[in-house]
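Chemist: Below is the structure I would like to discuss, written out as structure tokens.
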Amino acid sequence: MPYEIIPHPSDMGVRGIGGSLEEAFAEAARAMFSLMTDVEKVEPKEAIPFEVEADSLEDLFVRFLGELIFLRDIHGMVFSRFSVRVGKKEGKFRAAGQAFGENFQPAKHGIGIDVKAATYAWVKVEEKDGTWTAQGVVDV
């Protein structure tokens, strides 16, 4: 499984695993949205652009998840696929790309847990032996 849900005493943890940093971010986003709904039923009908910037990869990851929650709220959408590019310019890390999904339909997608925010608890972004992991806790 390219993503995992991590047990946490009061909230929920998400972990994305991939062959690149971008894949790990995208899979962690899928993990987060899998808490909210059945991502397998979410069709990638519409692309919503995003861009975030931070001083560290860990901060970038939290801001990335937070931006996706914000986009969910303002567009009334859920997302199932993510195109992410991560780079560094002038000392800042930047993630940009698109979240693909559709308007949330409870009868079609199912209702899961309401994710309110991404937090800095247990946040970790690392590469080991060619595999990237991006993980953190989301407030539910």
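Lettering and numbering for the structure tokens are positional, with chains as A, B, ... in the shown order, residues counted from 1 in each chain, and ligands counted from 1 in the shown order.
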Determine, counting only C-alpha atoms, which protein, DNA and RNA residues have an atom within 8 Å of an atom of Met32 of chain A; residues of the same chain fewer than 5 positions away are not included. Present the result as a compact mmCIF listing (two decimals) with C-alpha atoms, in the first residue's frame.
Modeler:
# COMPACT_ATOMS: atom_id res chain seq x y z
CA VAL A 14 -1.04 9.72 7.71
CA VAL A 115 -10.21 16.46 8.98
CA VAL A 138 -4.08 15.56 11.12
Chemist: Please provide as a PyMOL selection string all residues within 9 Å of Val86 of chain A, with the sequence filter that same-chain residues fewer than 2 positions apart are discarded (counting only C-alpha atoms).
Modeler: chain A and resi 21-22+84+88+93-97
Chemist: Ranking A:Lys124, A:Lys108, A:Lys116, A:Lys89 by minimum distance to Arg15 of chain A and counting only C-alpha atoms, which one comes first?
Modeler: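 Closest candidate: A:Lys124.
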Chemist: With only C-alpha atoms as the atoms that count, which of A:Ile111, A:Ala121, A:Ala54, A:Leu60 lies nearest to Gly91 of chain A?
Modeler: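 Of the candidates, the smallest distance to Gly91 of chain A is held by A:Ala54.
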Chemist: Go ahead and compute the interatomic distance for atom CA of Ala118 of chain A and atom CA of Gly87 of chain A, in Å to one decimal.
Modeler: 21.1 Å
Chemist: When DSSP works through the backbone of this structure, what residues of chain A end up as helix (DSSP H, G or I), shown as a ChimeraX atom specification?
Modeler: /A:21-36,39-41,57-75,106-109
Chemist: Report the closest atom pair, with its distance in Å rounded to one decimal, for each residue of segment 58-91 of chain A that has an atom no farther than 9 Å from segment 39-47 of chain A; count only C-alpha atoms, sort by chain and then rising residue number, and write it as a tab-separated table.
Modeler:
residue	atom	partner	partner_atom	distance
A:Val78	CA	A:Val42	CA	7.0
A:Phe79	CA	A:Val42	CA	6.6
A:Ser80	CA	A:Val39	CA	5.2
A:Arg81	CA	A:Pro44	CA	6.6
A:Phe82	CA	A:Ala47	CA	9.0
Chemist: I need the chosen residues saved as a PDB file, in the first residue's frame, with N, CA and C atoms.
Modeler:
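As written to disk, part.pdb reads:
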ATOM      1  N   VAL A  78     -13.748  16.847  -2.925  1.00  0.00           N
ATOM      2  CA  VAL A  78     -12.822  15.859  -2.385  1.00  0.00           C
ATOM      3  C   VAL A  78     -11.890  15.457  -3.522  1.00  0.00           C
ATOM      4  N   PHE A  79     -10.684  15.035  -3.156  1.00  0.00           N
ATOM      5  CA  PHE A  79      -9.647  14.758  -4.146  1.00  0.00           C
ATOM      6  C   PHE A  79      -9.151  13.324  -4.013  1.00  0.00           C
ATOM      7  N   SER A  80      -8.764  12.749  -5.149  1.00  0.00           N
ATOM      8  CA  SER A  80      -8.290  11.369  -5.155  1.00  0.00           C
ATOM      9  C   SER A  80      -6.928  11.202  -5.831  1.00  0.00           C
ATOM     10  N   ARG A  81      -6.482  12.223  -6.528  1.00  0.00           N
ATOM     11  CA  ARG A  81      -5.196  12.143  -7.244  1.00  0.00           C
ATOM     12  C   ARG A  81      -4.501  13.483  -7.134  1.00  0.00           C
ATOM     13  N   PHE A  82      -3.168  13.442  -7.064  1.00  0.00           N
ATOM     14  CA  PHE A  82      -2.400  14.658  -6.847  1.00  0.00           C
ATOM     15  C   PHE A  82      -1.149  14.641  -7.719  1.00  0.00           C
TER      16      PHE A  82
END
Chemist: I'd like the neighbourhood of Pro2 of chain A as a list in words, where a residue qualifies if any of its atoms comes within 9 Å (using only C-alpha atoms), though same-chain residues fewer than 6 positions away should be ignored.
Modeler: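 Surrounding residues, per the criterion: Arg15, Gly16, Ile17, Gly18, Glu23, Ala24, Glu27, Ala28 and Ala31 of chain A.
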Chemist: From the set A:Ala26, A:Pro106, A:Gly19, A:Asp139, which residue has the shortest atom-to-atom contact distance to Phe61 of chain A, counting only C-alpha atoms?
Modeler: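 The shortest atom-to-atom distance to Phe61 of chain A comes from A:Ala26.
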Chemist: From the list A:Glu126, A:Glu90, A:Asp11, A:Glu67, which residue is nearest Ile48 of chain A when using only C-alpha atoms?
Modeler: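 For Ile48 of chain A, the nearest of the given residues is A:Glu67.
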Chemist: Quick one: distance from atom CA of Glu58 of chain A to atom CA of Ile6 of chain A in Å, one decimal?
Modeler: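 The value is 17.2 Å.
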Chemist: Go through A:Glu102, A:Asp38, A:Asp59, A:Asp73 one by one, measure the shortest atom-to-atom distance of each to Trp122 of chain A using only C-alpha atoms, and give the residue with the smallest value.
Modeler: A:Asp59
Chemist: Any chance you could list, as JSON, numbers by chain, the residues in chain A that come up strand (DSSP E) when DSSP is run on the backbone?
Modeler: {"A": [3, 4, 5, 6, 7, 12, 13, 14, 15, 16, 17, 18, 46, 47, 48, 49, 50, 51, 52, 53, 54, 77, 78, 79, 80, 81, 82, 83, 84, 85, 86, 87, 88, 89, 92, 93, 94, 95, 96, 97, 98, 99, 100, 101, 102, 103, 117, 118, 124, 125, 126, 127, 128, 131, 132, 133, 134, 135, 136, 137, 138, 139]}
Chemist: I need the chosen residues saved as a PDB file, in the first residue's frame, with C-alpha atoms.
Modeler:
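The result, written out as out_36.pdb:
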ATOM      1  CA  TYR A   3      -0.048   5.088   2.034  1.00  0.00           C
ATOM      2  CA  GLU A   4      -0.768   4.190   5.634  1.00  0.00           C
ATOM      3  CA  ILE A   5      -2.997   5.415   8.428  1.00  0.00           C
ATOM      4  CA  ILE A   6      -1.065   5.687  11.699  1.00  0.00           C
ATOM      5  CA  PRO A   7      -2.850   5.204  15.037  1.00  0.00           C
ATOM      6  CA  MET A  12      -5.043  10.401  13.042  1.00  0.00           C
ATOM      7  CA  GLY A  13      -1.658  10.004  11.436  1.00  0.00           C
ATOM      8  CA  VAL A  14      -1.039   9.724   7.708  1.00  0.00           C
ATOM      9  CA  ARG A  15       2.034   8.408   5.933  1.00  0.00           C
ATOM     10  CA  GLY A  16       2.824   8.562   2.240  1.00  0.00           C
ATOM     11  CA  ILE A  17       5.459   6.262   0.754  1.00  0.00           C
ATOM     12  CA  GLY A  18       6.989   6.598  -2.699  1.00  0.00           C
ATOM     13  CA  GLU A  46     -11.549  18.696 -12.106  1.00  0.00           C
ATOM     14  CA  ALA A  47      -8.014  19.944 -11.418  1.00  0.00           C
ATOM     15  CA  ILE A  48      -7.439  22.597  -8.761  1.00  0.00           C
ATOM     16  CA  PRO A  49      -3.970  24.204  -8.691  1.00  0.00           C
ATOM     17  CA  PHE A  50      -2.013  24.720  -5.482  1.00  0.00           C
ATOM     18  CA  GLU A  51       1.310  26.187  -4.420  1.00  0.00           C
ATOM     19  CA  VAL A  52       2.949  26.368  -0.995  1.00  0.00           C
ATOM     20  CA  GLU A  53       6.355  27.490   0.249  1.00  0.00           C
ATOM     21  CA  ALA A  54       8.311  26.778   3.446  1.00  0.00           C
ATOM     22  CA  MET A  77     -14.597  19.059  -3.304  1.00  0.00           C
ATOM     23  CA  VAL A  78     -12.822  15.859  -2.385  1.00  0.00           C
ATOM     24  CA  PHE A  79      -9.647  14.758  -4.146  1.00  0.00           C
ATOM     25  CA  SER A  80      -8.290  11.369  -5.155  1.00  0.00           C
ATOM     26  CA  ARG A  81      -5.196  12.143  -7.244  1.00  0.00           C
ATOM     27  CA  PHE A  82      -2.400  14.658  -6.847  1.00  0.00           C
ATOM     28  CA  SER A  83       0.291  15.941  -9.183  1.00  0.00           C
ATOM     29  CA  VAL A  84       3.089  17.415  -7.073  1.00  0.00           C
ATOM     30  CA  ARG A  85       6.380  19.074  -7.964  1.00  0.00           C
ATOM     31  CA  VAL A  86       8.819  19.907  -5.154  1.00  0.00           C
ATOM     32  CA  GLY A  87      11.800  22.183  -5.602  1.00  0.00           C
ATOM     33  CA  LYS A  88      14.055  24.598  -3.784  1.00  0.00           C
ATOM     34  CA  LYS A  89      14.782  28.162  -4.804  1.00  0.00           C
ATOM     35  CA  LYS A  92      12.908  28.032   0.246  1.00  0.00           C
ATOM     36  CA  PHE A  93      11.206  24.738  -0.500  1.00  0.00           C
ATOM     37  CA  ARG A  94       8.195  24.925  -2.789  1.00  0.00           C
ATOM     38  CA  ALA A  95       5.460  22.437  -3.662  1.00  0.00           C
ATOM     39  CA  ALA A  96       3.175  23.152  -6.602  1.00  0.00           C
ATOM     40  CA  GLY A  97       0.813  21.128  -8.692  1.00  0.00           C
ATOM     41  CA  GLN A  98      -2.802  20.118  -8.977  1.00  0.00           C
ATOM     42  CA  ALA A  99      -5.335  18.216  -6.896  1.00  0.00           C
ATOM     43  CA  PHE A 100      -7.809  16.200  -8.964  1.00  0.00           C
ATOM     44  CA  GLY A 101     -11.297  15.416  -7.759  1.00  0.00           C
ATOM     45  CA  GLU A 102     -14.946  16.331  -7.875  1.00  0.00           C
ATOM     46  CA  ASN A 103     -17.682  17.980  -5.845  1.00  0.00           C
ATOM     47  CA  ALA A 117      -6.123  20.718  10.013  1.00  0.00           C
ATOM     48  CA  ALA A 118      -2.646  19.342   9.456  1.00  0.00           C
ATOM     49  CA  LYS A 124       8.777  13.552   9.287  1.00  0.00           C
ATOM     50  CA  VAL A 125       9.966  13.714   5.687  1.00  0.00           C
ATOM     51  CA  GLU A 126      12.894  11.469   4.860  1.00  0.00           C
ATOM     52  CA  GLU A 127      14.552   9.289   2.246  1.00  0.00           C
ATOM     53  CA  LYS A 128      16.024   5.902   3.088  1.00  0.00           C
ATOM     54  CA  THR A 131      12.236   5.243  -0.639  1.00  0.00           C
ATOM     55  CA  TRP A 132      10.701   8.513   0.518  1.00  0.00           C
ATOM     56  CA  THR A 133       8.339   8.799   3.473  1.00  0.00           C
ATOM     57  CA  ALA A 134       6.212  11.849   4.371  1.00  0.00           C
ATOM     58  CA  GLN A 135       4.135  11.591   7.522  1.00  0.00           C
ATOM     59  CA  GLY A 136       2.277  13.678  10.053  1.00  0.00           C
ATOM     60  CA  VAL A 137      -0.825  13.942  12.192  1.00  0.00           C
ATOM     61  CA  VAL A 138      -4.075  15.557  11.118  1.00  0.00           C
ATOM     62  CA  ASP A 139      -6.550  17.051  13.547  1.00  0.00           C
TER      63      ASP A 139
END
